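Chemist: I'd like to ask some things about the structure below.
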Amino acid sequence: MTAARRGWLPLPACVLESDAPFGLVRAWAVLRLRARVLVYPAPLPDTARGRRDAEPGRGGGERGGDEDFSHLDLYRIGDAPRQIAWKVLARRDALASKRFSAEAGEGLLRLGWDDYGGETDAERRLSRLVWRVEQCERRRLRYRLCLPDGEIGPQPRQRELALGALALFGSRK
């Protein structure tokens, strides 16, 4: 389902129906929940910047031992076993991964609003930034999203915070 605009939108009505157990009787109800959903801008590929941004991230896969512990984050498929926070798994029965920060911010990509100075359409800028955030997350690159109203740097839940900031850009939260 596509939305007409980005930002907070009310959850549409939902029809719940069943004909269980034998299909003799059909029951249905219309649910109107008092909830809202956050709609992100649709990603718009920016292949020229995507290739150029990927260059600093290449380095042979695993990072060296010169990094300090930064924070715990949700486990993502593909995380190395040495990144798993085994004590957290034992205590809480939840998978978490250890994240590390490089010294002096090495390898930190800057995704900025001003990267698209020639782009007049704000929605296209936002869509291109969404695509770049997703590419950084997919490639596990460290990045900082710089918007006119603030920055979102390497931190826990960075993807959700960055996409939320892009979805709510220019609106009152």
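By order of appearance in the structure tokens: chains A, B, ..., then residues from 1 within every chain, and ligands from 1 in the order shown.
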So that I can check the surroundings of A:Gly150, please list as number ranges by chain every protein, DNA and RNA residue that reaches within 12 Å of it, counting only C-alpha atoms and ignoring chain neighbours fewer than 3 positions away.
Modeler: A: 112-113, 144-147, 153, 161-162, 165-166, 169-170
Chemist: Based on the selection just made, write all heavy atoms of those residues as a compact mmCIF listing (two decimals), in the first residue's frame.
Modeler:
# COMPACT_ATOMS: atom_id res chain seq x y z
N GLY A 112 24.69 14.49 3.53
CA GLY A 112 24.22 15.83 3.85
C GLY A 112 23.17 16.36 2.90
O GLY A 112 23.14 16.04 1.71
N TRP A 113 22.31 17.18 3.45
CA TRP A 113 21.28 17.89 2.70
C TRP A 113 21.93 18.74 1.61
O TRP A 113 21.43 18.84 0.50
CB TRP A 113 20.47 18.75 3.66
CG TRP A 113 19.41 19.57 3.02
CD1 TRP A 113 19.50 20.89 2.71
CD2 TRP A 113 18.12 19.15 2.62
NE1 TRP A 113 18.32 21.31 2.14
CE2 TRP A 113 17.45 20.25 2.08
CE3 TRP A 113 17.44 17.93 2.67
CZ2 TRP A 113 16.16 20.20 1.59
CZ3 TRP A 113 16.15 17.87 2.19
CH2 TRP A 113 15.53 18.98 1.66
N ARG A 144 26.97 9.76 9.12
CA ARG A 144 26.33 10.84 9.86
C ARG A 144 25.39 11.54 8.88
O ARG A 144 25.80 11.95 7.80
CB ARG A 144 27.37 11.83 10.38
CG ARG A 144 26.77 13.03 11.10
CD ARG A 144 27.83 13.96 11.64
NE ARG A 144 28.77 13.30 12.53
CZ ARG A 144 28.53 13.00 13.81
NH1 ARG A 144 27.38 13.32 14.36
NH2 ARG A 144 29.44 12.41 14.54
N LEU A 145 24.12 11.64 9.25
CA LEU A 145 23.12 12.33 8.42
C LEU A 145 23.04 13.77 8.89
O LEU A 145 22.74 14.04 10.05
CB LEU A 145 21.76 11.65 8.54
CG LEU A 145 20.62 12.32 7.79
CD1 LEU A 145 20.86 12.25 6.28
CD2 LEU A 145 19.30 11.65 8.14
N CYS A 146 23.32 14.70 7.97
CA CYS A 146 23.33 16.13 8.28
C CYS A 146 22.19 16.83 7.56
O CYS A 146 22.18 16.92 6.34
CB CYS A 146 24.66 16.75 7.88
SG CYS A 146 26.07 15.99 8.68
N LEU A 147 21.22 17.29 8.33
CA LEU A 147 20.07 18.03 7.79
C LEU A 147 20.14 19.46 8.31
O LEU A 147 20.81 19.73 9.32
CB LEU A 147 18.76 17.37 8.23
CG LEU A 147 18.53 15.95 7.73
CD1 LEU A 147 17.29 15.35 8.38
CD2 LEU A 147 18.40 15.95 6.23
N GLY A 153 24.23 11.18 14.25
CA GLY A 153 25.52 10.51 14.11
C GLY A 153 25.45 9.06 14.51
O GLY A 153 24.38 8.55 14.85
N LEU A 161 16.17 6.48 13.56
CA LEU A 161 16.22 7.92 13.82
C LEU A 161 16.43 8.72 12.54
O LEU A 161 15.80 9.76 12.32
CB LEU A 161 17.33 8.23 14.83
CG LEU A 161 17.13 7.68 16.23
CD1 LEU A 161 18.39 7.87 17.06
CD2 LEU A 161 15.95 8.35 16.90
N ALA A 162 17.32 8.23 11.66
CA ALA A 162 17.60 8.94 10.41
C ALA A 162 16.38 8.92 9.49
O ALA A 162 15.99 9.97 8.95
CB ALA A 162 18.81 8.31 9.71
N ALA A 165 13.72 11.21 10.86
CA ALA A 165 14.02 12.62 10.63
C ALA A 165 13.74 13.01 9.18
O ALA A 165 13.23 14.10 8.91
CB ALA A 165 15.48 12.90 10.98
N LEU A 166 14.04 12.11 8.25
CA LEU A 166 13.76 12.40 6.84
C LEU A 166 12.26 12.41 6.57
O LEU A 166 11.76 13.21 5.78
CB LEU A 166 14.46 11.38 5.95
CG LEU A 166 15.99 11.49 5.92
CD1 LEU A 166 16.60 10.27 5.24
CD2 LEU A 166 16.42 12.78 5.25
N PHE A 169 10.84 15.71 8.03
CA PHE A 169 11.55 16.93 7.65
C PHE A 169 10.56 17.99 7.16
O PHE A 169 9.72 17.72 6.32
CB PHE A 169 12.57 16.64 6.55
CG PHE A 169 13.36 17.84 6.16
CD1 PHE A 169 14.43 18.26 6.94
CD2 PHE A 169 13.04 18.57 5.03
CE1 PHE A 169 15.16 19.38 6.59
CE2 PHE A 169 13.77 19.68 4.68
CZ PHE A 169 14.83 20.10 5.45
N GLY A 170 10.66 19.18 7.71
CA GLY A 170 9.81 20.29 7.29
C GLY A 170 8.42 20.30 7.90
O GLY A 170 7.63 21.18 7.62
Chemist: DSSP on the backbone: which residues in chain A end up as strand (DSSP E or B)? Give the answer as a PyMOL selection string.
Modeler: chain A and resi 7-10+14-18+27-31+36-39+67-74+84+96-102+109-112+143-147+150-152
Chemist: Extract, using only C-alpha atoms, all DNA, RNA and protein residues at most 9 Å from A:Leu126, discarding same-chain residues fewer than 2 positions from it, and format them as a ChimeraX atom specification.
Modeler: /A:41-44,113,121-124,128-131,166-167,169
Chemist: For the selection just defined, write its residues with N, CA and C atoms to a file, as a PDB file, in the first residue's frame.
Modeler:
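Once written, selection13.pdb looks like this:
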ATOM      1  N   PRO A  41       9.964   8.672   3.119  1.00  0.00           N
ATOM      2  CA  PRO A  41      10.020   8.976   1.686  1.00  0.00           C
ATOM      3  C   PRO A  41      10.445   7.726   0.917  1.00  0.00           C
ATOM      4  N   ALA A  42       9.957   7.581  -0.302  1.00  0.00           N
ATOM      5  CA  ALA A  42      10.334   6.431  -1.127  1.00  0.00           C
ATOM      6  C   ALA A  42      11.793   6.580  -1.544  1.00  0.00           C
ATOM      7  N   PRO A  43      12.603   5.527  -1.405  1.00  0.00           N
ATOM      8  CA  PRO A  43      14.015   5.628  -1.803  1.00  0.00           C
ATOM      9  C   PRO A  43      14.154   5.876  -3.307  1.00  0.00           C
ATOM     10  N   LEU A  44      15.026   6.787  -3.650  1.00  0.00           N
ATOM     11  CA  LEU A  44      15.313   7.104  -5.044  1.00  0.00           C
ATOM     12  C   LEU A  44      16.802   6.855  -5.258  1.00  0.00           C
ATOM     13  N   TRP A 113      22.312  17.183   3.451  1.00  0.00           N
ATOM     14  CA  TRP A 113      21.284  17.886   2.696  1.00  0.00           C
ATOM     15  C   TRP A 113      21.932  18.744   1.609  1.00  0.00           C
ATOM     16  N   ASP A 121      13.879  20.239  -5.867  1.00  0.00           N
ATOM     17  CA  ASP A 121      12.755  19.548  -5.251  1.00  0.00           C
ATOM     18  C   ASP A 121      13.193  18.891  -3.936  1.00  0.00           C
ATOM     19  N   ALA A 122      12.639  19.354  -2.826  1.00  0.00           N
ATOM     20  CA  ALA A 122      12.999  18.828  -1.509  1.00  0.00           C
ATOM     21  C   ALA A 122      12.651  17.350  -1.374  1.00  0.00           C
ATOM     22  N   GLU A 123      11.548  16.911  -1.966  1.00  0.00           N
ATOM     23  CA  GLU A 123      11.147  15.504  -1.863  1.00  0.00           C
ATOM     24  C   GLU A 123      12.164  14.590  -2.542  1.00  0.00           C
ATOM     25  N   ARG A 124      12.719  15.031  -3.662  1.00  0.00           N
ATOM     26  CA  ARG A 124      13.743  14.235  -4.345  1.00  0.00           C
ATOM     27  C   ARG A 124      15.017  14.168  -3.501  1.00  0.00           C
ATOM     28  N   ARG A 128      16.541  10.651  -2.100  1.00  0.00           N
ATOM     29  CA  ARG A 128      17.924  10.240  -2.363  1.00  0.00           C
ATOM     30  C   ARG A 128      18.678   9.987  -1.056  1.00  0.00           C
ATOM     31  N   LEU A 129      18.421  10.788  -0.028  1.00  0.00           N
ATOM     32  CA  LEU A 129      19.060  10.569   1.267  1.00  0.00           C
ATOM     33  C   LEU A 129      18.572   9.280   1.919  1.00  0.00           C
ATOM     34  N   VAL A 130      17.281   8.958   1.751  1.00  0.00           N
ATOM     35  CA  VAL A 130      16.761   7.687   2.276  1.00  0.00           C
ATOM     36  C   VAL A 130      17.504   6.527   1.624  1.00  0.00           C
ATOM     37  N   TRP A 131      17.693   6.604   0.314  1.00  0.00           N
ATOM     38  CA  TRP A 131      18.392   5.538  -0.399  1.00  0.00           C
ATOM     39  C   TRP A 131      19.821   5.397   0.116  1.00  0.00           C
ATOM     40  N   LEU A 166      14.040  12.115   8.248  1.00  0.00           N
ATOM     41  CA  LEU A 166      13.759  12.400   6.843  1.00  0.00           C
ATOM     42  C   LEU A 166      12.258  12.411   6.572  1.00  0.00           C
ATOM     43  N   ALA A 167      11.515  11.518   7.227  1.00  0.00           N
ATOM     44  CA  ALA A 167      10.065  11.473   7.046  1.00  0.00           C
ATOM     45  C   ALA A 167       9.388  12.715   7.602  1.00  0.00           C
ATOM     46  N   PHE A 169      10.840  15.711   8.029  1.00  0.00           N
ATOM     47  CA  PHE A 169      11.552  16.933   7.653  1.00  0.00           C
ATOM     48  C   PHE A 169      10.561  17.988   7.156  1.00  0.00           C
TER      49      PHE A 169
END
Chemist: Measuring between only C-alpha atoms, which one of A:Ser18, A:Arg99, A:Arg132, A:Val37 shows the shortest distance to A:Asp115?
Modeler: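 Once distances to A:Asp115 are computed over only C-alpha atoms, the minimum belongs to A:Arg132.
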Chemist: Within 6 Å of stretch 23-36 of chain A, counting only C-alpha atoms, which residues qualify if same-chain residues fewer than 5 places away don't, as a list in words?
Modeler: Leu9, Pro10, Leu11, Ala13, Cys14, Val15, Leu16, Glu17 and Ser18 of chain A
Chemist: Hey, which of A:Leu111, A:Arg125, A:Glu134, A:Phe69 ends up closest to A:Glu151? Count only C-alpha atoms.
Modeler: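 Looking only at the distances to A:Glu151, the closest residue turns out to be A:Leu111.
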Chemist: Would you mind reading off the distance between atom CA of A:Gly7 and atom CA of A:Ala96, one decimal, in Å?
Modeler: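 Pair atom CA of A:Gly7 / atom CA of A:Ala96 returns 29.5 Å.
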Chemist: So how many Å separate atom CA of A:Glu119 and atom CA of A:Arg157, to one decimal?
Modeler: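 Those two atoms sit 28.6 Å apart.
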Chemist: What does the distance between atom CA of A:Gly78 and atom CA of A:Gln158 come to in Å, to one decimal place?
Modeler: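 These two atoms are separated by 18.2 Å.
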Chemist: Using only C-alpha atoms, which residues sit within 10 Å of A:Pro154 once same-chain residues fewer than 6 positions away are excluded, as a list in words?
Modeler: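 Skipping anything fewer than 6 positions along the chain leaves Ser70, His71, Arg99, Phe100, Ser101, Gly105, Leu108, Leu141, Arg142, Tyr143, Arg144 and Leu145 of chain A.
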Chemist: Write the residues you've just listed into a file as a short mmCIF file (atom, residue, chain, number, x, y, z; two decimals), in the first residue's frame, and include C-alpha atoms for each of them.
Modeler:
data_model
loop_
_atom_site.label_atom_id
_atom_site.label_comp_id
_atom_site.auth_asym_id
_atom_site.auth_seq_id
_atom_site.Cartn_x
_atom_site.Cartn_y
_atom_site.Cartn_z
CA SER A 70 30.46 2.01 21.31
CA HIS A 71 27.10 0.44 22.17
CA ARG A 99 29.12 -2.16 17.98
CA PHE A 100 32.50 -0.47 17.92
CA SER A 101 33.62 3.03 16.98
CA GLY A 105 35.90 9.01 13.37
CA LEU A 108 32.64 8.07 8.80
CA LEU A 141 29.16 1.66 6.87
CA ARG A 142 29.37 4.30 9.58
CA TYR A 143 27.61 7.52 8.61
CA ARG A 144 26.33 10.84 9.86
CA LEU A 145 23.12 12.33 8.42
#
Chemist: For A:Pro156, which residue out of A:Asp79, A:Asp93, A:Lys98, A:Asp73 is the nearest one, using only C-alpha atoms?
Modeler: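 Nearest candidate to A:Pro156 out of A:Asp79, A:Asp93, A:Lys98, A:Asp73: A:Asp73.
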Chemist: I want to know what sits within 12 Å of A:Ile77, based on only C-alpha atoms, with residues of the same chain fewer than 3 positions away left out; could you give that as a JSON list (two decimals) with N, CA, C and O atoms, in the first residue's frame?
Modeler:
[["chain", "number", "residue", "atom", "x", "y", "z"],
["A", 74, "LEU", "N", 20.65, -4.16, 18.13],
["A", 74, "LEU", "CA", 19.96, -5.39, 17.80],
["A", 74, "LEU", "C", 20.82, -6.25, 16.89],
["A", 74, "LEU", "O", 21.56, -5.74, 16.05],
["A", 80, "ALA", "N", 29.12, -11.19, 12.91],
["A", 80, "ALA", "CA", 30.10, -12.21, 13.27],
["A", 80, "ALA", "C", 29.84, -12.72, 14.68],
["A", 80, "ALA", "O", 29.37, -11.96, 15.55],
["A", 81, "PRO", "N", 30.14, -13.98, 14.94],
["A", 81, "PRO", "CA", 29.92, -14.52, 16.30],
["A", 81, "PRO", "C", 30.68, -13.74, 17.37],
["A", 81, "PRO", "O", 30.22, -13.63, 18.49],
["A", 83, "GLN", "N", 30.91, -10.64, 17.56],
["A", 83, "GLN", "CA", 30.18, -9.41, 17.85],
["A", 83, "GLN", "C", 28.99, -9.67, 18.78],
["A", 83, "GLN", "O", 28.45, -8.72, 19.34],
["A", 84, "ILE", "N", 28.56, -10.90, 18.92],
["A", 84, "ILE", "CA", 27.39, -11.20, 19.74],
["A", 84, "ILE", "C", 27.70, -10.95, 21.21],
["A", 84, "ILE", "O", 28.75, -11.34, 21.71],
["A", 95, "LEU", "N", 19.09, -11.71, 21.46],
["A", 95, "LEU", "CA", 20.33, -11.52, 20.72],
["A", 95, "LEU", "C", 20.64, -10.04, 20.57],
["A", 95, "LEU", "O", 19.80, -9.25, 20.15],
["A", 96, "ALA", "N", 21.86, -9.67, 20.91],
["A", 96, "ALA", "CA", 22.33, -8.30, 20.74],
["A", 96, "ALA", "C", 23.75, -8.37, 20.19],
["A", 96, "ALA", "O", 24.47, -9.34, 20.42],
["A", 97, "SER", "N", 24.13, -7.35, 19.46],
["A", 97, "SER", "CA", 25.48, -7.29, 18.89],
["A", 97, "SER", "C", 26.23, -6.10, 19.46],
["A", 97, "SER", "O", 25.65, -5.04, 19.68],
["A", 138, "ARG", "N", 22.97, -1.31, 4.74],
["A", 138, "ARG", "CA", 23.15, -2.60, 4.07],
["A", 138, "ARG", "C", 24.63, -2.99, 4.04],
["A", 138, "ARG", "O", 24.99, -4.14, 4.24],
["A", 140, "ARG", "N", 26.87, -1.80, 6.10],
["A", 140, "ARG", "CA", 27.40, -1.65, 7.46],
["A", 140, "ARG", "C", 28.47, -0.58, 7.53],
["A", 140, "ARG", "O", 29.48, -0.73, 8.20]]
Chemist: I need the residue nearest A:Tyr40 from this list: A:Leu163, A:Arg76, A:Val88, A:Ser171. Use only C-alpha atoms for the distance.
Modeler: A:Leu163
